[in-house]
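Structure data follow from structure.cif (mmCIF, N, CA, C and O atoms):
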```cif
data_entry
loop_
_atom_site.label_atom_id
_atom_site.label_comp_id
_atom_site.auth_asym_id
_atom_site.auth_seq_id
_atom_site.Cartn_x
_atom_site.Cartn_y
_atom_site.Cartn_z
N MET A 240 105.78 35.56 47.67
CA MET A 240 105.29 35.56 49.05
C MET A 240 106.46 35.66 50.03
O MET A 240 107.49 35.04 49.84
N LYS A 241 106.26 36.43 51.07
CA LYS A 241 107.31 36.61 52.06
C LYS A 241 107.28 35.46 53.06
O LYS A 241 106.22 35.00 53.44
N MET A 242 108.45 35.04 53.48
CA MET A 242 108.52 34.00 54.50
C MET A 242 108.89 34.65 55.82
O MET A 242 109.88 35.37 55.91
N ILE A 243 108.06 34.40 56.82
CA ILE A 243 108.30 34.93 58.16
C ILE A 243 108.45 33.74 59.10
O ILE A 243 107.63 32.83 59.09
N THR A 244 109.52 33.77 59.90
CA THR A 244 109.72 32.73 60.91
C THR A 244 109.72 33.39 62.28
O THR A 244 110.39 34.41 62.48
N VAL A 245 108.95 32.81 63.19
CA VAL A 245 108.90 33.30 64.57
C VAL A 245 109.55 32.23 65.45
O VAL A 245 109.07 31.11 65.53
N TYR A 246 110.66 32.59 66.06
CA TYR A 246 111.31 31.70 67.04
C TYR A 246 110.73 32.06 68.40
O TYR A 246 110.90 33.17 68.88
N SER A 247 110.01 31.11 68.99
CA SER A 247 109.28 31.39 70.22
C SER A 247 109.73 30.45 71.34
O SER A 247 110.49 29.51 71.13
N LYS A 248 109.22 30.75 72.54
CA LYS A 248 109.45 29.90 73.71
C LYS A 248 108.10 29.65 74.38
O LYS A 248 107.16 30.38 74.17
N ASN A 249 108.06 28.61 75.21
CA ASN A 249 106.86 28.35 75.99
C ASN A 249 106.63 29.47 77.01
O ASN A 249 107.59 30.07 77.50
N ASN A 250 105.38 29.73 77.32
CA ASN A 250 105.02 30.72 78.35
C ASN A 250 105.64 32.08 78.11
O ASN A 250 106.12 32.75 79.03
N CYS A 251 105.67 32.50 76.86
CA CYS A 251 106.27 33.79 76.46
C CYS A 251 105.15 34.70 75.98
O CYS A 251 104.58 34.47 74.91
N MET A 252 104.83 35.72 76.77
CA MET A 252 103.71 36.60 76.42
C MET A 252 103.99 37.37 75.13
O MET A 252 103.10 37.52 74.29
N GLN A 253 105.21 37.86 74.95
CA GLN A 253 105.52 38.60 73.72
C GLN A 253 105.42 37.69 72.49
O GLN A 253 105.02 38.13 71.42
N CYS A 254 105.77 36.40 72.69
CA CYS A 254 105.64 35.44 71.58
C CYS A 254 104.17 35.29 71.20
O CYS A 254 103.81 35.33 70.03
N LYS A 255 103.33 35.13 72.22
CA LYS A 255 101.89 34.96 71.97
C LYS A 255 101.32 36.19 71.27
O LYS A 255 100.52 36.08 70.35
N MET A 256 101.72 37.38 71.72
CA MET A 256 101.22 38.62 71.13
C MET A 256 101.68 38.75 69.67
O MET A 256 100.91 39.17 68.81
N THR A 257 102.92 38.35 69.41
CA THR A 257 103.45 38.42 68.04
C THR A 257 102.68 37.48 67.13
O THR A 257 102.26 37.87 66.02
N LYS A 258 102.47 36.24 67.58
CA LYS A 258 101.75 35.26 66.74
C LYS A 258 100.30 35.71 66.52
O LYS A 258 99.79 35.61 65.40
N LYS A 259 99.67 36.25 67.56
CA LYS A 259 98.29 36.71 67.43
C LYS A 259 98.21 37.87 66.44
O LYS A 259 97.29 37.93 65.61
N PHE A 260 99.16 38.78 66.51
CA PHE A 260 99.20 39.92 65.59
C PHE A 260 99.30 39.43 64.15
O PHE A 260 98.58 39.88 63.26
N LEU A 261 100.23 38.49 63.91
CA LEU A 261 100.42 37.97 62.55
C LEU A 261 99.16 37.26 62.07
O LEU A 261 98.75 37.44 60.91
N GLU A 262 98.54 36.48 62.95
CA GLU A 262 97.31 35.77 62.56
C GLU A 262 96.19 36.75 62.25
O GLU A 262 95.47 36.58 61.26
N GLN A 263 96.05 37.78 63.07
CA GLN A 263 94.98 38.76 62.85
C GLN A 263 95.15 39.52 61.54
O GLN A 263 94.18 39.99 60.96
N HIS A 264 96.39 39.63 61.09
CA HIS A 264 96.66 40.34 59.84
C HIS A 264 96.80 39.39 58.65
O HIS A 264 97.24 39.80 57.57
N GLY A 265 96.48 38.12 58.87
CA GLY A 265 96.49 37.16 57.77
C GLY A 265 97.87 36.83 57.23
O GLY A 265 98.01 36.41 56.09
N ALA A 266 98.88 37.04 58.06
CA ALA A 266 100.25 36.78 57.60
C ALA A 266 100.55 35.28 57.64
O ALA A 266 100.09 34.57 58.54
N ASP A 267 101.31 34.84 56.67
CA ASP A 267 101.74 33.45 56.62
C ASP A 267 103.08 33.36 57.34
O ASP A 267 104.02 34.06 56.96
N PHE A 268 103.15 32.55 58.37
CA PHE A 268 104.42 32.43 59.10
C PHE A 268 104.58 31.03 59.64
O PHE A 268 103.62 30.28 59.77
N GLN A 269 105.83 30.69 59.91
CA GLN A 269 106.10 29.41 60.58
C GLN A 269 106.65 29.72 61.95
O GLN A 269 107.38 30.69 62.13
N GLU A 270 106.26 28.90 62.90
CA GLU A 270 106.75 29.06 64.26
C GLU A 270 107.71 27.93 64.58
O GLU A 270 107.44 26.78 64.27
N ILE A 271 108.84 28.30 65.17
CA ILE A 271 109.79 27.31 65.67
C ILE A 271 109.95 27.57 67.16
O ILE A 271 110.45 28.62 67.56
N ASN A 272 109.47 26.64 67.96
CA ASN A 272 109.56 26.77 69.41
C ASN A 272 110.93 26.25 69.84
O ASN A 272 111.22 25.07 69.70
N ILE A 273 111.76 27.17 70.35
CA ILE A 273 113.14 26.76 70.68
C ILE A 273 113.20 25.94 71.96
O ILE A 273 114.23 25.33 72.24
N ASP A 274 112.11 25.90 72.74
CA ASP A 274 112.07 24.97 73.86
C ASP A 274 111.92 23.53 73.34
O ASP A 274 112.47 22.60 73.92
N GLN A 275 111.18 23.37 72.26
CA GLN A 275 110.98 22.05 71.67
C GLN A 275 112.08 21.67 70.67
O GLN A 275 112.25 20.51 70.35
N HIS A 276 112.79 22.69 70.16
CA HIS A 276 113.87 22.47 69.20
C HIS A 276 115.14 23.16 69.70
O HIS A 276 115.56 24.18 69.15
N PRO A 277 115.75 22.60 70.76
CA PRO A 277 116.90 23.29 71.38
C PRO A 277 118.07 23.49 70.42
O PRO A 277 118.90 24.38 70.63
N GLY A 278 118.13 22.73 69.35
CA GLY A 278 119.19 22.92 68.37
C GLY A 278 119.12 24.28 67.69
O GLY A 278 120.12 24.75 67.14
N LYS A 279 117.95 24.91 67.74
CA LYS A 279 117.79 26.23 67.11
C LYS A 279 118.28 27.37 67.99
O LYS A 279 118.43 28.50 67.52
N VAL A 280 118.55 27.07 69.26
CA VAL A 280 118.99 28.13 70.18
C VAL A 280 120.29 28.75 69.68
O VAL A 280 120.43 29.98 69.66
N ASP A 281 121.24 27.92 69.27
CA ASP A 281 122.51 28.46 68.78
C ASP A 281 122.31 29.32 67.55
O ASP A 281 122.98 30.34 67.38
N TYR A 282 121.37 28.93 66.68
CA TYR A 282 121.10 29.73 65.48
C TYR A 282 120.58 31.10 65.87
O TYR A 282 121.04 32.12 65.37
N VAL A 283 119.62 31.13 66.80
CA VAL A 283 119.05 32.40 67.24
C VAL A 283 120.14 33.27 67.88
O VAL A 283 120.24 34.47 67.61
N LYS A 284 121.00 32.64 68.69
CA LYS A 284 122.11 33.39 69.30
C LYS A 284 123.06 33.91 68.23
O LYS A 284 123.61 35.00 68.36
N SER A 285 123.26 33.13 67.16
CA SER A 285 124.17 33.55 66.08
C SER A 285 123.62 34.79 65.36
O SER A 285 124.37 35.54 64.75
N LEU A 286 122.30 34.99 65.44
CA LEU A 286 121.69 36.19 64.86
C LEU A 286 121.89 37.40 65.77
O LEU A 286 121.61 38.52 65.38
N GLY A 287 122.34 37.13 67.00
CA GLY A 287 122.62 38.22 67.94
C GLY A 287 121.55 38.45 68.97
O GLY A 287 121.50 39.51 69.60
N PHE A 288 120.66 37.47 69.16
CA PHE A 288 119.55 37.65 70.09
C PHE A 288 119.61 36.64 71.23
O PHE A 288 120.04 35.51 71.05
N THR A 289 119.14 37.09 72.39
CA THR A 289 119.13 36.20 73.56
C THR A 289 117.75 36.08 74.19
O THR A 289 117.58 35.39 75.18
N SER A 290 116.75 36.77 73.64
CA SER A 290 115.40 36.66 74.19
C SER A 290 114.39 36.48 73.06
O SER A 290 114.59 36.98 71.96
N ALA A 291 113.33 35.77 73.39
CA ALA A 291 112.27 35.49 72.41
C ALA A 291 111.17 36.54 72.55
O ALA A 291 111.04 37.16 73.59
N PRO A 292 110.38 36.73 71.51
CA PRO A 292 110.49 36.06 70.22
C PRO A 292 111.54 36.73 69.33
O PRO A 292 111.83 37.91 69.50
N VAL A 293 112.07 35.95 68.41
CA VAL A 293 112.91 36.51 67.35
C VAL A 293 112.14 36.29 66.06
O VAL A 293 111.70 35.18 65.77
N ILE A 294 111.95 37.37 65.32
CA ILE A 294 111.19 37.33 64.08
C ILE A 294 112.16 37.52 62.93
O ILE A 294 112.91 38.49 62.89
N GLU A 295 112.14 36.57 62.01
CA GLU A 295 113.06 36.61 60.87
C GLU A 295 112.24 36.62 59.59
O GLU A 295 111.35 35.80 59.40
N SER A 296 112.54 37.58 58.72
CA SER A 296 111.92 37.60 57.40
C SER A 296 113.02 37.79 56.38
O SER A 296 114.19 37.92 56.73
N ASP A 297 112.64 37.84 55.10
CA ASP A 297 113.68 38.02 54.08
C ASP A 297 114.25 39.45 54.10
O ASP A 297 115.29 39.70 53.53
N GLN A 298 113.59 40.37 54.82
CA GLN A 298 114.08 41.75 54.86
C GLN A 298 114.83 42.09 56.14
O GLN A 298 115.76 42.88 56.12
N VAL A 299 114.37 41.53 57.28
CA VAL A 299 114.86 42.03 58.57
C VAL A 299 114.75 40.93 59.62
O VAL A 299 113.98 39.99 59.47
N VAL A 300 115.56 41.07 60.66
CA VAL A 300 115.46 40.19 61.83
C VAL A 300 115.40 41.09 63.05
O VAL A 300 116.19 42.02 63.19
N PHE A 301 114.42 40.82 63.94
CA PHE A 301 114.32 41.62 65.15
C PHE A 301 113.74 40.77 66.27
O PHE A 301 113.25 39.67 66.04
N SER A 302 113.80 41.32 67.48
CA SER A 302 113.35 40.60 68.66
C SER A 302 112.26 41.39 69.36
O SER A 302 112.23 42.61 69.29
N GLY A 303 111.36 40.65 70.03
CA GLY A 303 110.32 41.30 70.81
C GLY A 303 109.05 41.54 70.00
O GLY A 303 109.03 41.35 68.80
N PHE A 304 108.00 41.93 70.71
CA PHE A 304 106.73 42.24 70.07
C PHE A 304 106.77 43.68 69.60
O PHE A 304 106.73 44.61 70.41
N GLN A 305 106.92 43.88 68.29
CA GLN A 305 107.06 45.21 67.72
C GLN A 305 106.06 45.36 66.57
O GLN A 305 106.39 45.10 65.41
N PRO A 306 104.83 45.80 66.89
CA PRO A 306 103.78 45.90 65.86
C PRO A 306 104.17 46.70 64.63
O PRO A 306 103.83 46.32 63.52
N ALA A 307 104.88 47.80 64.82
CA ALA A 307 105.26 48.62 63.66
C ALA A 307 106.16 47.84 62.70
O ALA A 307 105.98 47.88 61.48
N LYS A 308 107.14 47.12 63.26
CA LYS A 308 108.03 46.32 62.42
C LYS A 308 107.28 45.15 61.80
O LYS A 308 107.52 44.79 60.65
N LEU A 309 106.37 44.53 62.56
CA LEU A 309 105.59 43.42 62.02
C LEU A 309 104.77 43.90 60.82
O LEU A 309 104.68 43.20 59.82
N LYS A 310 104.17 45.08 60.93
CA LYS A 310 103.37 45.61 59.81
C LYS A 310 104.22 45.78 58.56
O LYS A 310 103.73 45.59 57.45
N GLU A 311 105.50 46.15 58.74
CA GLU A 311 106.38 46.36 57.59
C GLU A 311 106.66 45.08 56.82
O GLU A 311 106.91 45.12 55.63
N ILE A 312 106.64 43.93 57.52
CA ILE A 312 107.04 42.68 56.85
C ILE A 312 105.87 41.83 56.37
O ILE A 312 106.08 40.80 55.76
N ILE A 313 104.62 42.26 56.68
CA ILE A 313 103.48 41.46 56.22
C ILE A 313 102.79 42.10 55.04
O ILE A 313 103.05 43.20 54.68
#
```
Full structure transcribed into structure tokens:
Amino acid sequence: MKMITVYSKNNCMQCKMTKKFLEQHGADFQEINIDQHPGKVDYVKSLGFTSAPVIESDQVVFSGFQPAKLKEII
């Protein structure tokens, strides 16, 4: 099984769209809200991203709501 992690923020429309897309496609994912877990901000920045959502899987890491890429990892 693939592990997908979504690093999200509060009041983030792209985060909501990403989570809804994954849920609608039955994907198993964990969400880490970086507003609630500020210690994860440095990790996300270390991946090279400065805006949410950041989607991390065992194959790829990308930012933003990207349905085509999401389909590839589920």
What is the atom C of Asp267 (chain A) to atom O of Lys241 (chain A) distance in Å?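 Atom C of Asp267 (chain A) sits 5.3 Å away from atom O of Lys241 (chain A).
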Run through the PyMOL selection byres (((chain A and resi 305 and name CA) around 10) and name CA) on the given coordinates and return the selected residues as a PyMOL selection string. chain A and resi 253+256-257+260+294+301-304+306-310
Only N, CA, C and O atoms, please: the residues just picked out, written as a compact mmCIF listing (two decimals), in the frame of the given file.
```txt
# COMPACT_ATOMS: atom_id res chain seq x y z
N GLN A 253 105.21 37.86 74.95
CA GLN A 253 105.52 38.60 73.72
C GLN A 253 105.42 37.69 72.49
O GLN A 253 105.02 38.13 71.42
N MET A 256 101.72 37.38 71.72
CA MET A 256 101.22 38.62 71.13
C MET A 256 101.68 38.75 69.67
O MET A 256 100.91 39.17 68.81
N THR A 257 102.92 38.35 69.41
CA THR A 257 103.45 38.42 68.04
C THR A 257 102.68 37.48 67.13
O THR A 257 102.26 37.87 66.02
N PHE A 260 99.16 38.78 66.51
CA PHE A 260 99.20 39.92 65.59
C PHE A 260 99.30 39.43 64.15
O PHE A 260 98.58 39.88 63.26
N ILE A 294 111.95 37.37 65.32
CA ILE A 294 111.19 37.33 64.08
C ILE A 294 112.16 37.52 62.93
O ILE A 294 112.91 38.49 62.89
N PHE A 301 114.42 40.82 63.94
CA PHE A 301 114.32 41.62 65.15
C PHE A 301 113.74 40.77 66.27
O PHE A 301 113.25 39.67 66.04
N SER A 302 113.80 41.32 67.48
CA SER A 302 113.35 40.60 68.66
C SER A 302 112.26 41.39 69.36
O SER A 302 112.23 42.61 69.29
N GLY A 303 111.36 40.65 70.03
CA GLY A 303 110.32 41.30 70.81
C GLY A 303 109.05 41.54 70.00
O GLY A 303 109.03 41.35 68.80
N PHE A 304 108.00 41.93 70.71
CA PHE A 304 106.73 42.24 70.07
C PHE A 304 106.77 43.68 69.60
O PHE A 304 106.73 44.61 70.41
N PRO A 306 104.83 45.80 66.89
CA PRO A 306 103.78 45.90 65.86
C PRO A 306 104.17 46.70 64.63
O PRO A 306 103.83 46.32 63.52
N ALA A 307 104.88 47.80 64.82
CA ALA A 307 105.26 48.62 63.66
C ALA A 307 106.16 47.84 62.70
O ALA A 307 105.98 47.88 61.48
N LYS A 308 107.14 47.12 63.26
CA LYS A 308 108.03 46.32 62.42
C LYS A 308 107.28 45.15 61.80
O LYS A 308 107.52 44.79 60.65
N LEU A 309 106.37 44.53 62.56
CA LEU A 309 105.59 43.42 62.02
C LEU A 309 104.77 43.90 60.82
O LEU A 309 104.68 43.20 59.82
N LYS A 310 104.17 45.08 60.93
CA LYS A 310 103.37 45.61 59.81
C LYS A 310 104.22 45.78 58.56
O LYS A 310 103.73 45.59 57.45
```
Specify as a PyMOL selection string each residue included when the PyMOL selection byres ((chain A and resi 270) around 6) is applied to this file. chain A and resi 243-247+268-269+271-272
With N, CA, C and O atoms retained, could you export that selection as a PDB file, in the frame of the given file?
```
ATOM      1  N   ILE A 243     108.060  34.400  56.820  1.00  0.00           N
ATOM      2  CA  ILE A 243     108.300  34.930  58.160  1.00  0.00           C
ATOM      3  C   ILE A 243     108.450  33.740  59.100  1.00  0.00           C
ATOM      4  O   ILE A 243     107.630  32.830  59.090  1.00  0.00           O
ATOM      5  N   THR A 244     109.520  33.770  59.900  1.00  0.00           N
ATOM      6  CA  THR A 244     109.720  32.730  60.910  1.00  0.00           C
ATOM      7  C   THR A 244     109.720  33.390  62.280  1.00  0.00           C
ATOM      8  O   THR A 244     110.390  34.410  62.480  1.00  0.00           O
ATOM      9  N   VAL A 245     108.950  32.810  63.190  1.00  0.00           N
ATOM     10  CA  VAL A 245     108.900  33.300  64.570  1.00  0.00           C
ATOM     11  C   VAL A 245     109.550  32.230  65.450  1.00  0.00           C
ATOM     12  O   VAL A 245     109.070  31.110  65.530  1.00  0.00           O
ATOM     13  N   TYR A 246     110.660  32.590  66.060  1.00  0.00           N
ATOM     14  CA  TYR A 246     111.310  31.700  67.040  1.00  0.00           C
ATOM     15  C   TYR A 246     110.730  32.060  68.400  1.00  0.00           C
ATOM     16  O   TYR A 246     110.900  33.170  68.880  1.00  0.00           O
ATOM     17  N   SER A 247     110.010  31.110  68.990  1.00  0.00           N
ATOM     18  CA  SER A 247     109.280  31.390  70.220  1.00  0.00           C
ATOM     19  C   SER A 247     109.730  30.450  71.340  1.00  0.00           C
ATOM     20  O   SER A 247     110.490  29.510  71.130  1.00  0.00           O
ATOM     21  N   PHE A 268     103.150  32.550  58.370  1.00  0.00           N
ATOM     22  CA  PHE A 268     104.420  32.430  59.100  1.00  0.00           C
ATOM     23  C   PHE A 268     104.580  31.030  59.640  1.00  0.00           C
ATOM     24  O   PHE A 268     103.620  30.280  59.770  1.00  0.00           O
ATOM     25  N   GLN A 269     105.830  30.690  59.910  1.00  0.00           N
ATOM     26  CA  GLN A 269     106.100  29.410  60.580  1.00  0.00           C
ATOM     27  C   GLN A 269     106.650  29.720  61.950  1.00  0.00           C
ATOM     28  O   GLN A 269     107.380  30.690  62.130  1.00  0.00           O
ATOM     29  N   ILE A 271     108.840  28.300  65.170  1.00  0.00           N
ATOM     30  CA  ILE A 271     109.790  27.310  65.670  1.00  0.00           C
ATOM     31  C   ILE A 271     109.950  27.570  67.160  1.00  0.00           C
ATOM     32  O   ILE A 271     110.450  28.620  67.560  1.00  0.00           O
ATOM     33  N   ASN A 272     109.470  26.640  67.960  1.00  0.00           N
ATOM     34  CA  ASN A 272     109.560  26.770  69.410  1.00  0.00           C
ATOM     35  C   ASN A 272     110.930  26.250  69.840  1.00  0.00           C
ATOM     36  O   ASN A 272     111.220  25.070  69.700  1.00  0.00           O
TER      37      ASN A 272
END
```
Would you work out the distance separating CA of Asn249 (chain A) from CA of Gln275 (chain A), expressed in Å to one decimal?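 CA of Gln275 (chain A) lies at a distance of 8.7 Å from CA of Asn249 (chain A).
The interatomic distance for the pair atom O of Cys254 (chain A) and atom N of Pro292 (chain A) works out to 6.9 Å.
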Helix (DSSP H, G or I) call set, DSSP backbone run, chain A, as a PyMOL selection string: chain A and resi 252-263+278-285+306-312
Keeping only N, CA, C and O atoms, write those residues as a compact mmCIF listing (two decimals), in the coordinates of the input.
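Once written, again34.txt looks like this:
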```txt
# COMPACT_ATOMS: atom_id res chain seq x y z
N MET A 252 104.83 35.72 76.77
CA MET A 252 103.71 36.60 76.42
C MET A 252 103.99 37.37 75.13
O MET A 252 103.10 37.52 74.29
N GLN A 253 105.21 37.86 74.95
CA GLN A 253 105.52 38.60 73.72
C GLN A 253 105.42 37.69 72.49
O GLN A 253 105.02 38.13 71.42
N CYS A 254 105.77 36.40 72.69
CA CYS A 254 105.64 35.44 71.58
C CYS A 254 104.17 35.29 71.20
O CYS A 254 103.81 35.33 70.03
N LYS A 255 103.33 35.13 72.22
CA LYS A 255 101.89 34.96 71.97
C LYS A 255 101.32 36.19 71.27
O LYS A 255 100.52 36.08 70.35
N MET A 256 101.72 37.38 71.72
CA MET A 256 101.22 38.62 71.13
C MET A 256 101.68 38.75 69.67
O MET A 256 100.91 39.17 68.81
N THR A 257 102.92 38.35 69.41
CA THR A 257 103.45 38.42 68.04
C THR A 257 102.68 37.48 67.13
O THR A 257 102.26 37.87 66.02
N LYS A 258 102.47 36.24 67.58
CA LYS A 258 101.75 35.26 66.74
C LYS A 258 100.30 35.71 66.52
O LYS A 258 99.79 35.61 65.40
N LYS A 259 99.67 36.25 67.56
CA LYS A 259 98.29 36.71 67.43
C LYS A 259 98.21 37.87 66.44
O LYS A 259 97.29 37.93 65.61
N PHE A 260 99.16 38.78 66.51
CA PHE A 260 99.20 39.92 65.59
C PHE A 260 99.30 39.43 64.15
O PHE A 260 98.58 39.88 63.26
N LEU A 261 100.23 38.49 63.91
CA LEU A 261 100.42 37.97 62.55
C LEU A 261 99.16 37.26 62.07
O LEU A 261 98.75 37.44 60.91
N GLU A 262 98.54 36.48 62.95
CA GLU A 262 97.31 35.77 62.56
C GLU A 262 96.19 36.75 62.25
O GLU A 262 95.47 36.58 61.26
N GLN A 263 96.05 37.78 63.07
CA GLN A 263 94.98 38.76 62.85
C GLN A 263 95.15 39.52 61.54
O GLN A 263 94.18 39.99 60.96
N GLY A 278 118.13 22.73 69.35
CA GLY A 278 119.19 22.92 68.37
C GLY A 278 119.12 24.28 67.69
O GLY A 278 120.12 24.75 67.14
N LYS A 279 117.95 24.91 67.74
CA LYS A 279 117.79 26.23 67.11
C LYS A 279 118.28 27.37 67.99
O LYS A 279 118.43 28.50 67.52
N VAL A 280 118.55 27.07 69.26
CA VAL A 280 118.99 28.13 70.18
C VAL A 280 120.29 28.75 69.68
O VAL A 280 120.43 29.98 69.66
N ASP A 281 121.24 27.92 69.27
CA ASP A 281 122.51 28.46 68.78
C ASP A 281 122.31 29.32 67.55
O ASP A 281 122.98 30.34 67.38
N TYR A 282 121.37 28.93 66.68
CA TYR A 282 121.10 29.73 65.48
C TYR A 282 120.58 31.10 65.87
O TYR A 282 121.04 32.12 65.37
N VAL A 283 119.62 31.13 66.80
CA VAL A 283 119.05 32.40 67.24
C VAL A 283 120.14 33.27 67.88
O VAL A 283 120.24 34.47 67.61
N LYS A 284 121.00 32.64 68.69
CA LYS A 284 122.11 33.39 69.30
C LYS A 284 123.06 33.91 68.23
O LYS A 284 123.61 35.00 68.36
N SER A 285 123.26 33.13 67.16
CA SER A 285 124.17 33.55 66.08
C SER A 285 123.62 34.79 65.36
O SER A 285 124.37 35.54 64.75
N PRO A 306 104.83 45.80 66.89
CA PRO A 306 103.78 45.90 65.86
C PRO A 306 104.17 46.70 64.63
O PRO A 306 103.83 46.32 63.52
N ALA A 307 104.88 47.80 64.82
CA ALA A 307 105.26 48.62 63.66
C ALA A 307 106.16 47.84 62.70
O ALA A 307 105.98 47.88 61.48
N LYS A 308 107.14 47.12 63.26
CA LYS A 308 108.03 46.32 62.42
C LYS A 308 107.28 45.15 61.80
O LYS A 308 107.52 44.79 60.65
N LEU A 309 106.37 44.53 62.56
CA LEU A 309 105.59 43.42 62.02
C LEU A 309 104.77 43.90 60.82
O LEU A 309 104.68 43.20 59.82
N LYS A 310 104.17 45.08 60.93
CA LYS A 310 103.37 45.61 59.81
C LYS A 310 104.22 45.78 58.56
O LYS A 310 103.73 45.59 57.45
N GLU A 311 105.50 46.15 58.74
CA GLU A 311 106.38 46.36 57.59
C GLU A 311 106.66 45.08 56.82
O GLU A 311 106.91 45.12 55.63
N ILE A 312 106.64 43.93 57.52
CA ILE A 312 107.04 42.68 56.85
C ILE A 312 105.87 41.83 56.37
O ILE A 312 106.08 40.80 55.76
```
